[in-house]
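Asker: Structure file data.csv (CSV, C-alpha atoms and all ligand atoms) right here:
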```
chain,number,residue,atom,x,y,z
A,533,MET,CA,114.2,108.1,74.4
A,534,LYS,CA,110.5,107.5,74.0
A,535,ASN,CA,109.6,106.3,70.5
A,536,THR,CA,106.9,108.2,68.6
A,537,ASP,CA,104.6,105.1,68.6
A,538,THR,CA,104.6,105.0,72.4
A,539,ALA,CA,104.0,108.8,72.5
A,540,GLY,CA,101.1,108.3,70.1
A,541,LEU,CA,99.6,105.5,72.2
A,542,GLU,CA,100.0,107.5,75.4
A,543,LYS,CA,98.2,110.4,73.9
A,544,GLU,CA,95.4,108.2,72.6
A,545,PHE,CA,95.2,106.6,76.1
A,546,GLN,CA,95.0,110.0,77.8
A,547,ASP,CA,92.3,111.1,75.3
A,548,ARG,CA,90.3,108.0,76.2
A,549,ILE,CA,90.6,108.9,79.9
A,550,ASP,CA,89.7,112.5,79.3
A,551,ARG,CA,86.5,111.3,77.4
A,552,GLY,CA,85.6,109.3,80.5
A,553,GLU,CA,86.1,105.9,78.8
A,554,ILE,CA,86.8,102.9,81.0
A,555,ILE,CA,90.1,101.0,80.5
A,556,GLU,CA,89.7,97.2,80.4
A,557,PRO,CA,92.5,94.6,81.0
A,558,LYS,CA,93.2,93.9,77.3
A,559,ASP,CA,93.4,97.6,76.3
A,560,TRP,CA,96.8,99.2,75.8
A,561,MET,CA,97.9,101.1,78.8
A,562,PRO,CA,101.1,102.9,79.8
A,563,GLU,CA,103.4,100.7,81.9
A,564,ARG,CA,103.3,103.3,84.7
A,565,TYR,CA,99.5,103.2,84.8
A,566,ARG,CA,99.6,99.4,85.2
A,567,LYS,CA,102.3,99.7,87.9
A,568,GLN,CA,100.5,102.4,89.8
A,569,LEU,CA,97.3,100.4,89.8
A,570,ILE,CA,99.0,97.2,91.0
A,571,ARG,CA,100.6,99.2,93.8
A,572,MET,CA,97.4,100.8,94.9
A,573,MET,CA,95.1,97.8,94.5
A,574,SER,CA,97.5,95.4,96.2
A,575,GLN,CA,97.9,97.8,99.1
A,576,HIS,CA,94.1,98.0,99.3
A,577,ALA,CA,93.8,94.2,99.2
A,578,HIS,CA,96.4,93.8,102.0
A,579,SER,CA,94.5,96.4,104.0
A,580,GLU,CA,91.3,94.5,103.8
A,581,VAL,CA,93.1,91.3,105.0
A,582,VAL,CA,95.0,93.0,107.8
A,583,GLY,CA,91.8,94.9,108.6
A,584,MET,CA,90.3,91.6,109.8
A,585,LEU,CA,92.7,91.5,112.8
A,586,PRO,CA,91.6,94.4,115.0
A,587,GLU,CA,87.9,93.3,114.8
A,588,GLY,CA,88.6,89.5,114.8
A,589,ASN,CA,90.1,90.2,118.2
A,590,TRP,CA,86.5,90.9,119.5
A,591,ILE,CA,84.5,88.0,118.0
A,592,THR,CA,84.8,85.8,121.1
A,593,ARG,CA,84.0,88.8,123.3
A,594,ALA,CA,81.0,90.3,121.5
A,595,PRO,CA,78.3,91.1,124.2
A,596,SER,CA,75.5,89.0,122.6
A,597,LEU,CA,74.9,86.3,120.1
A,598,ARG,CA,73.4,88.8,117.6
A,599,ARG,CA,76.5,91.1,117.9
A,600,LYS,CA,78.8,88.1,117.5
A,601,ALA,CA,77.0,86.9,114.3
A,602,VAL,CA,77.1,90.4,112.8
A,603,LEU,CA,80.8,90.9,113.6
A,604,LEU,CA,81.7,87.5,112.3
A,605,ALA,CA,79.9,88.3,109.0
A,606,LYS,CA,81.6,91.7,108.8
A,607,VAL,CA,85.0,90.2,109.3
A,608,GLN,CA,84.2,87.6,106.6
A,609,ASP,CA,83.2,90.4,104.3
A,610,GLU,CA,86.6,92.0,104.7
A,611,ALA,CA,88.3,88.7,103.6
A,612,GLY,CA,86.0,88.7,100.6
A,613,HIS,CA,86.9,92.3,99.7
A,614,GLY,CA,90.6,91.3,99.8
A,615,LEU,CA,90.0,88.5,97.4
A,616,TYR,CA,88.0,90.6,94.9
A,617,ILE,CA,90.7,93.2,94.9
A,618,TYR,CA,93.6,90.6,94.5
A,619,SER,CA,91.6,89.1,91.6
A,620,ALA,CA,91.2,92.6,90.1
A,621,ALA,CA,94.9,93.2,90.4
A,622,GLU,CA,95.6,89.9,88.6
A,623,THR,CA,93.8,91.2,85.6
A,624,LEU,CA,96.8,93.6,85.2
A,625,GLY,CA,99.2,90.6,85.0
A,626,ALA,CA,100.2,90.6,88.7
A,627,ASP,CA,100.8,87.3,90.4
A,628,ARG,CA,99.0,87.0,93.7
A,629,LYS,CA,102.0,85.1,95.2
A,630,ASP,CA,104.3,88.0,94.4
A,631,LEU,CA,101.9,90.5,95.9
A,632,LEU,CA,101.7,88.5,99.1
A,633,ALA,CA,105.4,88.0,99.2
A,634,GLU,CA,105.9,91.8,98.9
A,635,PHE,CA,103.4,92.3,101.7
A,636,LEU,CA,104.9,89.6,104.0
A,637,SER,CA,108.4,91.0,103.5
A,638,GLY,CA,107.2,94.4,104.6
A,639,ARG,CA,107.9,96.0,101.2
A,640,ALA,CA,104.2,96.7,100.4
A,641,LYS,CA,102.2,99.0,102.6
A,642,TYR,CA,98.7,98.5,104.1
A,643,SER,CA,96.4,101.1,105.6
A,644,SER,CA,97.8,102.9,108.6
A,645,ILE,CA,94.5,102.6,110.4
A,646,PHE,CA,94.9,98.9,111.2
A,647,ASN,CA,98.0,99.5,113.3
A,648,TYR,CA,95.9,100.8,116.3
A,649,PRO,CA,94.7,98.5,119.1
A,650,THR,CA,91.0,97.7,119.8
A,651,LEU,CA,90.7,98.1,123.5
A,652,THR,CA,87.0,97.9,124.2
A,653,TRP,CA,83.8,96.8,122.6
A,654,ALA,CA,83.0,100.4,121.7
A,655,ASP,CA,86.0,100.2,119.3
A,656,MET,CA,83.9,97.9,117.1
A,657,GLY,CA,81.4,100.7,116.8
A,658,ALA,CA,84.1,103.3,116.1
A,659,ILE,CA,85.7,101.1,113.5
A,660,GLY,CA,82.4,100.4,111.7
A,661,TRP,CA,81.2,104.0,111.8
A,662,LEU,CA,84.5,105.9,111.3
A,663,VAL,CA,86.9,103.4,109.5
A,664,ASP,CA,84.2,101.9,107.2
A,665,GLY,CA,82.7,105.4,106.9
A,666,ALA,CA,86.1,106.7,105.6
A,667,ALA,CA,86.6,103.7,103.4
A,668,ILE,CA,83.2,104.3,101.8
A,669,ILE,CA,84.0,107.9,100.9
A,670,ASN,CA,87.3,106.8,99.4
A,671,GLN,CA,85.8,103.7,97.6
A,672,THR,CA,82.7,105.4,96.3
A,673,ALA,CA,85.1,107.6,94.3
A,674,LEU,CA,87.1,104.6,93.2
A,675,ALA,CA,83.9,102.9,92.0
A,676,LYS,CA,84.0,105.6,89.2
A,677,CYS,CA,87.7,105.2,88.5
A,678,SER,CA,89.1,104.6,85.0
A,679,TYR,CA,90.1,101.0,85.4
A,680,GLY,CA,87.0,98.7,84.9
A,681,PRO,CA,87.8,95.7,87.1
A,682,TYR,CA,88.8,97.9,90.1
A,683,ALA,CA,85.7,100.1,89.7
A,684,ARG,CA,83.4,97.1,89.5
A,685,ALA,CA,84.9,95.5,92.5
A,686,MET,CA,84.3,98.7,94.4
A,687,ILE,CA,80.6,98.7,93.6
A,688,ARG,CA,79.9,95.5,95.5
A,689,ILE,CA,82.4,96.3,98.2
A,690,CYS,CA,80.7,99.7,98.9
A,691,LYS,CA,77.3,98.0,99.3
A,692,GLU,CA,78.8,95.8,102.0
A,693,GLU,CA,80.7,98.6,103.6
A,694,ASN,CA,77.5,100.6,103.9
A,695,PHE,CA,76.1,97.8,106.0
A,696,HIS,CA,79.3,97.8,108.1
A,697,HIS,CA,79.0,101.5,108.6
A,698,LYS,CA,75.4,101.3,109.8
A,699,GLN,CA,76.2,98.5,112.2
A,700,GLY,CA,79.1,100.5,113.7
A,701,TYR,CA,76.8,103.6,114.2
A,702,GLU,CA,74.2,101.4,115.7
A,703,ILE,CA,76.7,100.0,118.3
A,704,LEU,CA,77.7,103.5,119.3
A,705,SER,CA,74.1,104.9,119.4
A,706,THR,CA,73.1,101.9,121.6
A,707,LEU,CA,76.0,102.6,124.0
A,708,MET,CA,75.1,106.3,124.0
A,709,LYS,CA,71.6,105.5,125.2
A,710,GLY,CA,73.1,103.4,128.0
A,711,SER,CA,74.7,104.0,131.4
A,712,LEU,CA,77.3,106.6,132.2
A,713,PRO,CA,80.2,104.1,131.9
A,714,GLN,CA,78.8,102.9,128.5
A,715,ARG,CA,78.6,106.5,127.2
A,716,ALA,CA,82.1,107.1,128.4
A,717,MET,CA,83.4,104.0,126.7
A,718,ALA,CA,81.8,105.1,123.4
A,719,GLN,CA,83.3,108.6,123.7
A,720,ASP,CA,86.7,107.2,124.5
A,721,ALA,CA,86.7,104.9,121.5
A,722,VAL,CA,85.8,107.8,119.2
A,723,ASN,CA,88.5,110.0,120.8
A,724,ARG,CA,91.1,107.3,119.9
A,725,TRP,CA,89.9,106.5,116.4
A,726,TRP,CA,89.1,110.0,115.1
A,727,TRP,CA,92.5,111.3,114.1
A,728,PRO,CA,93.7,107.9,112.7
A,729,SER,CA,90.5,107.8,110.6
A,730,LEU,CA,91.4,111.2,109.1
A,731,MET,CA,94.9,109.9,108.3
A,732,MET,CA,93.4,107.0,106.2
A,733,PHE,CA,92.9,109.5,103.3
A,734,GLY,CA,96.7,109.8,103.0
A,735,PRO,CA,99.1,112.7,103.3
A,736,GLN,CA,98.1,116.3,102.5
A,737,ASP,CA,97.9,117.0,98.7
A,738,ALA,CA,101.1,119.0,98.8
A,739,ASN,CA,102.9,115.9,100.2
A,740,SER,CA,101.2,113.2,98.1
A,741,PRO,CA,103.7,112.1,95.4
A,742,ASN,CA,101.3,109.8,93.6
A,743,SER,CA,98.3,112.1,93.4
A,744,GLU,CA,99.1,114.1,90.3
A,745,GLU,CA,99.5,111.1,88.1
A,746,LEU,CA,96.5,109.2,89.6
A,747,LEU,CA,94.3,112.2,89.2
A,748,ARG,CA,95.4,112.7,85.6
A,749,TRP,CA,94.5,109.1,84.8
A,750,LYS,CA,91.3,109.3,86.8
A,751,VAL,CA,92.3,106.5,89.1
A,752,LYS,CA,91.7,109.0,91.8
A,753,LYS,CA,88.7,111.2,91.1
A,754,TYR,CA,89.3,113.5,94.1
A,755,SER,CA,92.4,114.4,96.0
A,756,ASN,CA,93.3,113.1,99.5
A,757,ASP,CA,92.3,116.5,101.1
A,758,GLU,CA,89.0,116.7,99.2
A,759,LEU,CA,87.9,113.3,100.4
A,760,ARG,CA,89.1,113.9,103.9
A,761,GLN,CA,87.0,117.1,104.0
A,762,ARG,CA,84.0,115.3,102.6
A,763,PHE,CA,84.3,112.6,105.3
A,764,ILE,CA,84.5,115.3,108.1
A,765,ASP,CA,81.5,117.2,106.7
A,766,ARG,CA,79.4,114.1,106.6
A,767,THR,CA,80.5,112.6,110.0
A,768,VAL,CA,80.3,115.6,112.3
A,769,PRO,CA,76.4,115.9,112.2
A,770,GLN,CA,76.1,112.1,112.7
A,771,ALA,CA,78.2,112.5,115.9
A,772,GLU,CA,76.1,115.3,117.2
A,773,HIS,CA,72.9,113.4,116.5
A,774,ILE,CA,73.9,110.7,119.1
A,775,GLY,CA,75.7,113.0,121.5
A,776,LEU,CA,79.3,112.2,120.6
A,777,SER,CA,82.0,114.8,120.1
A,778,PHE,CA,85.4,114.7,118.4
A,779,PRO,CA,88.7,115.5,120.2
A,780,ASP,CA,89.4,118.6,118.2
A,781,PRO,CA,88.8,122.1,119.7
A,782,LEU,CA,89.2,123.7,116.2
A,783,LEU,CA,86.5,121.6,114.6
A,784,LYS,CA,83.9,124.1,113.6
A,785,TRP,CA,81.4,124.8,110.8
A,786,ASN,CA,82.7,127.5,108.5
A,787,GLU,CA,79.7,129.2,106.9
A,788,LYS,CA,81.9,131.0,104.3
A,789,ARG,CA,83.6,127.8,103.1
A,790,ARG,CA,80.4,125.7,103.7
A,791,HIS,CA,82.7,123.1,105.3
A,792,TYR,CA,84.0,122.2,108.7
A,793,ASP,CA,87.3,123.6,109.7
A,794,PHE,CA,89.5,121.3,111.6
A,795,GLY,CA,92.8,121.1,113.6
A,796,LYS,CA,96.2,120.0,112.5
A,797,ILE,CA,96.7,116.3,111.9
A,798,ASN,CA,99.8,114.8,113.5
A,799,TRP,CA,101.7,113.9,110.3
A,800,GLU,CA,104.7,112.7,112.3
A,801,GLU,CA,102.5,110.0,113.8
A,802,PHE,CA,101.1,109.1,110.3
A,803,PHE,CA,104.6,108.7,108.8
A,804,ASN,CA,105.8,106.7,111.8
A,805,VAL,CA,102.8,104.3,111.4
A,806,ILE,CA,103.2,103.8,107.6
A,807,ASN,CA,106.9,103.2,108.1
A,808,GLY,CA,106.3,100.3,110.5
A,809,ARG,CA,106.5,102.2,113.8
A,810,GLY,CA,102.9,102.3,114.8
A,811,PRO,CA,101.4,100.8,118.0
A,812,CYS,CA,100.5,97.4,116.4
A,813,ASN,CA,102.6,97.1,113.2
A,814,ARG,CA,104.8,94.3,114.6
A,815,GLU,CA,101.8,92.4,116.0
A,816,ARG,CA,99.9,92.7,112.7
A,817,MET,CA,102.7,91.4,110.6
A,818,LYS,CA,103.5,88.6,113.0
A,819,ALA,CA,99.8,87.5,112.8
A,820,ARG,CA,99.8,87.6,109.0
A,821,LYS,CA,103.1,85.7,108.7
A,822,LYS,CA,101.7,83.0,111.1
A,823,ALA,CA,98.5,82.7,109.1
A,824,ASP,CA,100.6,82.3,105.9
A,825,GLU,CA,102.7,79.6,107.5
A,826,ASP,CA,99.7,77.8,109.1
A,827,GLY,CA,97.9,77.9,105.7
A,828,LEU,CA,100.7,76.4,103.7
A,829,TRP,CA,99.5,72.8,104.0
A,830,VAL,CA,96.1,73.9,102.7
A,831,ARG,CA,97.6,75.6,99.6
A,832,LEU,CA,99.8,72.6,98.9
A,833,ALA,CA,96.9,70.2,99.2
A,834,ALA,CA,94.8,72.4,96.9
A,835,GLU,CA,97.6,72.5,94.3
A,836,ALA,CA,98.1,68.7,94.5
A,837,TYR,CA,94.4,68.1,94.1
A,838,ALA,CA,94.2,70.5,91.2
A,839,ALA,CA,97.2,68.8,89.5
A,840,LYS,CA,95.4,65.4,89.9
A,841,HIS,CA,92.1,66.8,88.5
A,842,PRO,CA,93.0,69.1,85.7
A,843,ASN,CA,89.5,69.2,84.3
A,844,LEU,CA,88.2,70.9,87.5
A,845,ASN,CA,90.1,74.2,86.7
B,901,LIG,N1,98.1,104.0,105.1
B,901,LIG,O1,101.0,109.7,97.3
B,901,LIG,P1,100.1,109.2,98.3
B,901,LIG,C1,89.3,99.6,104.6
B,901,LIG,C2,101.2,105.8,101.4
B,901,LIG,S1,90.3,99.6,103.2
B,901,LIG,C3,99.3,103.5,104.6
B,901,LIG,O2,99.0,110.1,98.7
B,901,LIG,P2,98.2,107.4,97.0
B,901,LIG,C4,88.2,98.6,104.6
B,901,LIG,C5,101.0,105.6,100.0
B,901,LIG,O3,100.7,104.2,99.7
B,901,LIG,C6,91.5,100.9,103.6
B,901,LIG,N2,100.0,104.1,103.6
B,901,LIG,O4,99.5,107.8,97.9
B,901,LIG,C7,88.0,98.1,106.0
B,901,LIG,C8,102.3,106.1,99.4
B,901,LIG,O5,103.3,105.1,99.6
B,901,LIG,P3,104.0,104.3,98.4
B,901,LIG,C9,92.5,100.9,102.5
B,901,LIG,C10,99.5,105.2,103.1
B,901,LIG,O6,98.3,106.0,96.7
B,901,LIG,C11,87.3,98.8,106.9
B,901,LIG,C12,102.6,107.2,100.3
B,901,LIG,O7,101.9,107.0,101.5
B,901,LIG,N3,92.0,101.6,101.4
B,901,LIG,O8,89.5,100.4,105.4
B,901,LIG,C13,98.3,105.8,103.5
B,901,LIG,O9,98.1,108.4,95.9
B,901,LIG,C14,87.1,98.3,108.2
B,901,LIG,C15,102.3,108.6,99.7
B,901,LIG,O10,100.9,108.8,99.6
B,901,LIG,C16,92.7,101.7,100.2
B,901,LIG,O11,93.8,101.3,100.1
B,901,LIG,C17,97.6,105.2,104.6
B,901,LIG,N4,96.5,105.6,105.1
B,901,LIG,O12,97.0,107.7,98.0
B,901,LIG,C18,88.6,96.9,106.4
B,901,LIG,C19,92.0,102.5,99.1
B,901,LIG,N5,98.1,106.9,102.8
B,901,LIG,O13,103.0,103.2,97.9
B,901,LIG,C20,88.4,96.4,107.7
B,901,LIG,C21,92.8,102.6,97.8
B,901,LIG,C22,99.1,107.0,101.9
B,901,LIG,O14,104.3,105.3,97.3
B,901,LIG,C23,87.7,97.1,108.6
B,901,LIG,N6,93.9,103.4,98.0
B,901,LIG,N7,99.9,106.0,102.1
B,901,LIG,O15,105.2,103.6,99.1
B,901,LIG,C24,93.9,104.8,97.9
B,901,LIG,O16,92.8,105.4,97.7
B,901,LIG,C25,95.2,105.5,97.9
B,901,LIG,O17,96.2,104.6,97.7
B,901,LIG,C26,95.4,106.3,99.2
B,901,LIG,C27,96.8,106.9,99.2
B,901,LIG,C28,94.4,107.5,99.3
B,901,LIG,C29,95.3,105.4,100.5
```
Output the file's structure as structure tokens, nothing else.

Answerer:
Amino acid sequence: MKNTDTAGLEKEFQDRIDRGEIIEPKDWMPERYRKQLIRMMSQHAHSEVVGMLPEGNWITRAPSLRRKAVLLAKVQDEAGHGLYIYSAAETLGADRKDLLAEFLSGRAKYSSIFNYPTLTWADMGAIGWLVDGAAIINQTALAKCSYGPYARAMIRICKEENFHHKQGYEILSTLMKGSLPQRAMAQDAVNRWWWPSLMMFGPQDANSPNSEELLRWKVKKYSNDELRQRFIDRTVPQAEHIGLSFPDPLLKWNEKRRHYDFGKINWEEFFNVINGRGPCNRERMKARKKADEDGLWVRLAAEAYAAKHPNLN
């Protein structure tokens, strides 16, 4: 049974949220709020780290020095985003080692989108434009969430993601001004990344077990379906502007709703991917486990150095 003190604290907490106040690490918070944030933030951090793999795959094959430098910087940014978000999760008392152990054992999820292969250079454009574009829509909302450290991390991350988004769009618009095979390559990449990008926003609201609580606590400011629709409405005109289309015959502006209608998402595919059965899940986990093992000596050396030089901490 809940004691009255906890009930009182929970009410006070909800009142603070309803007034739009920001919760800081030392403030009282319900245990469930803390747990939900750790779940979501750690999954977000893991996604940023795994998100380096599909693009990292193209650094050595970028078509020019300029493209290589930009892609390298982008991939480094994603590593930085992972680090900010792990740090923000630590303000809730989570231990980064535990979070990583959960991830490497397969217990913690990471974004479905990074379980798809990057087959051509145009995929770098599609990821920047669509995947970073979807991430921005989601993260701009999170930048106004109720937990201070997460919201503040999102502000900086969104600035960098905006840059990533523009570089992706620029890659595709350059290809769309090119030869027939280049235009076909751009269209093929967009065809493959469109539906998985829509899945990034999570299951439909009716099948989203965490949303009710997260919306009540203003961790989520909008539902999965609302953000997905916002992304579609914003992205379709951008595609039209450079002559790209999306592989959805039902995608059509609805004047009455003032939104684009769209076709049915393959939710079976989505649940397969988030449950470890996507095209690249095994490959991604194998790469992360190898990186963890290869980096062990660096961590041990850093710990030994820190133990010898306690004043440096
Ligand atoms: N992938 O009840 P809901 C990026 C899981 S960063 C995998 O609706 P929730 C940057 C969900 O965890 C991309 N799993 O869940 C970049 C839950 O499972 P659980 C990552 C998913 O939390 C760009 C279950 O399904 N961004 O792209 C997915 O209310 C380019 C039920 O779902 C974030 O993580 C999914 N797509 O809403 C990097 C943003 N969707 O934990 C490199 C923060 C749902 O109960 C290159 N997170 N699930 O076992 C969020 O906004 C939310 O957590 C959602 C899911 C919207 C992802």

Asker: For A:Pro735, find every residue with an atom within 10 Å (counting all atoms listed in the file), except residues of its own chain fewer than 6 positions away, and show them as a PyMOL selection string.

Answerer: chain A and resi 741+743+756-757+797+799+802-803

Asker: Let me make sure I understand: among A:Leu704, A:Ile764, A:Leu585, A:Ala685, which one has the smallest atom-to-atom distance to A:Leu776 if we use all atoms listed in the file?

Answerer: A:Leu704

Asker: Quote the spacing between atom CA of A:His576 and atom CA of A:Gln546 in Å to one decimal place.

Answerer: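 Separation between atom CA of A:His576 and atom CA of A:Gln546: 24.6 Å.
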
Asker: Each residue of chain A lying at most 6 Å from ligand LIG 901 (chain B) should get a row with its shortest atom-to-atom pair and the distance in Å to one decimal, counting only C-alpha atoms and all ligand atoms; could you produce that, ordered by chain and increasing number, as CSV?

Answerer:
```
residue,atom,partner,partner_atom,distance
A:Met572,CA,B:LIG901,O17,4.9
A:Gln575,CA,B:LIG901,O11,5.5
A:His576,CA,B:LIG901,O11,3.4
A:Ser579,CA,B:LIG901,C9,5.1
A:Glu580,CA,B:LIG901,C18,4.5
A:Gly583,CA,B:LIG901,C20,3.8
A:Met584,CA,B:LIG901,C20,5.6
A:Glu610,CA,B:LIG901,C18,5.6
A:Lys641,CA,B:LIG901,N2,5.6
A:Tyr642,CA,B:LIG901,C3,5.1
A:Ser643,CA,B:LIG901,N1,3.4
A:Ser644,CA,B:LIG901,N1,3.7
A:Val663,CA,B:LIG901,C14,5.3
A:Asp664,CA,B:LIG901,C11,4.4
A:Ala667,CA,B:LIG901,O8,4.8
A:Asn670,CA,B:LIG901,O16,5.9
A:Met731,CA,B:LIG901,N4,5.6
A:Met732,CA,B:LIG901,N4,3.6
A:Phe733,CA,B:LIG901,C28,4.7
A:Gly734,CA,B:LIG901,N5,3.2
A:Pro735,CA,B:LIG901,O2,5.3
A:Ser740,CA,B:LIG901,O1,3.6
A:Pro741,CA,B:LIG901,O1,4.1
A:Asn742,CA,B:LIG901,O1,3.7
A:Ser743,CA,B:LIG901,O9,4.5
A:Asn756,CA,B:LIG901,C28,5.7
A:Ile806,CA,B:LIG901,C3,4.9
```

Asker: For A:Tyr701, please output as an MDAnalysis selection string all residues within 7 Å (counting all atoms listed in the file; exclusion window: fewer than 2 positions along the same chain).

Answerer: chainID A and resid 657 660:661 697:699 703:705

Asker: Would you mind exporting C-alpha atoms of the selected residues as a JSON list (two decimals), in the frame of the given file?

Answerer:
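Writing the result to out.json gives the following:
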```json
[["chain", "number", "residue", "atom", "x", "y", "z"],
["A", 657, "GLY", "CA", 81.40, 100.70, 116.80],
["A", 660, "GLY", "CA", 82.40, 100.40, 111.70],
["A", 661, "TRP", "CA", 81.20, 104.00, 111.80],
["A", 697, "HIS", "CA", 79.00, 101.50, 108.60],
["A", 698, "LYS", "CA", 75.40, 101.30, 109.80],
["A", 699, "GLN", "CA", 76.20, 98.50, 112.20],
["A", 703, "ILE", "CA", 76.70, 100.00, 118.30],
["A", 704, "LEU", "CA", 77.70, 103.50, 119.30],
["A", 705, "SER", "CA", 74.10, 104.90, 119.40]]
```

Asker: Using all atoms listed in the file, determine which residues lie at most 7 Å from stretch 810-815 of chain A, disregarding the query and same-chain residues fewer than 6 positions distant; provide the list as a ChimeraX atom specification.

Answerer: /A:647-649,804

Asker: Between atom CA of A:Gly680 and atom CA of A:Ala738, measure the distance and give it in Å to one decimal.

Answerer: 28.4 Å

Asker: Write out as a ChimeraX atom specification each polymer residue whose atoms come within 10 Å of stretch 594-602 of chain A, counting all atoms listed in the file; drop sequence neighbours fewer than 5 positions from it.

Answerer: /A:589,607-608,653,656,696,699,703

Asker: Excluding stretch 548-564 of chain A and its own-chain neighbours fewer than 3 positions away, which residues fall within 7 Å of it when counting all atoms listed in the file? Please give them as a ChimeraX atom specification.

Answerer: /A:542,544-545,567-568,623-624,678-680,749-750

Asker: Would you mind telling me which residue in A:Gln671, A:Thr650, A:Gln761, A:Asn786 lies nearest to A:Ile591 when using all atoms listed in the file?

Answerer: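 Of the candidates, the smallest distance to A:Ile591 is held by A:Thr650.
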
Asker: As an exercise, work out the distance from atom CA of A:Leu783 to atom CA of A:Thr767 in Å and give it to one decimal place.

Answerer: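 Atom-to-atom, atom CA of A:Leu783 and atom CA of A:Thr767 are spaced 11.8 Å apart.
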
Asker: Calculated over only C-alpha atoms, which of the candidates A:Pro586, A:Gly665, A:Gly612, A:Gly808 has the smallest distance to A:Leu730?

Answerer: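 Looking at the shortest contact to A:Leu730, the residue is A:Gly665.
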
Asker: With distances taken over all atoms listed in the file, which of A:Gln770, A:Gln736, A:Thr672, A:Thr592 is nearest to A:Lys752?

Answerer: A:Thr672

Asker: Restricting the calculation to only C-alpha atoms: of A:Asp824, A:Glu758, A:Glu787, A:Glu800, which residue gets closest to A:Phe635?

Answerer: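 Using only C-alpha atoms, A:Phe635 sits closest to A:Asp824.
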
Asker: When you count all atoms listed in the file, which of these residues is closest to A:Glu801: A:Ala658, A:Cys677, A:Ala626, A:Ile645?

Answerer: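 Under the stated criterion, the closest residue is A:Ile645.
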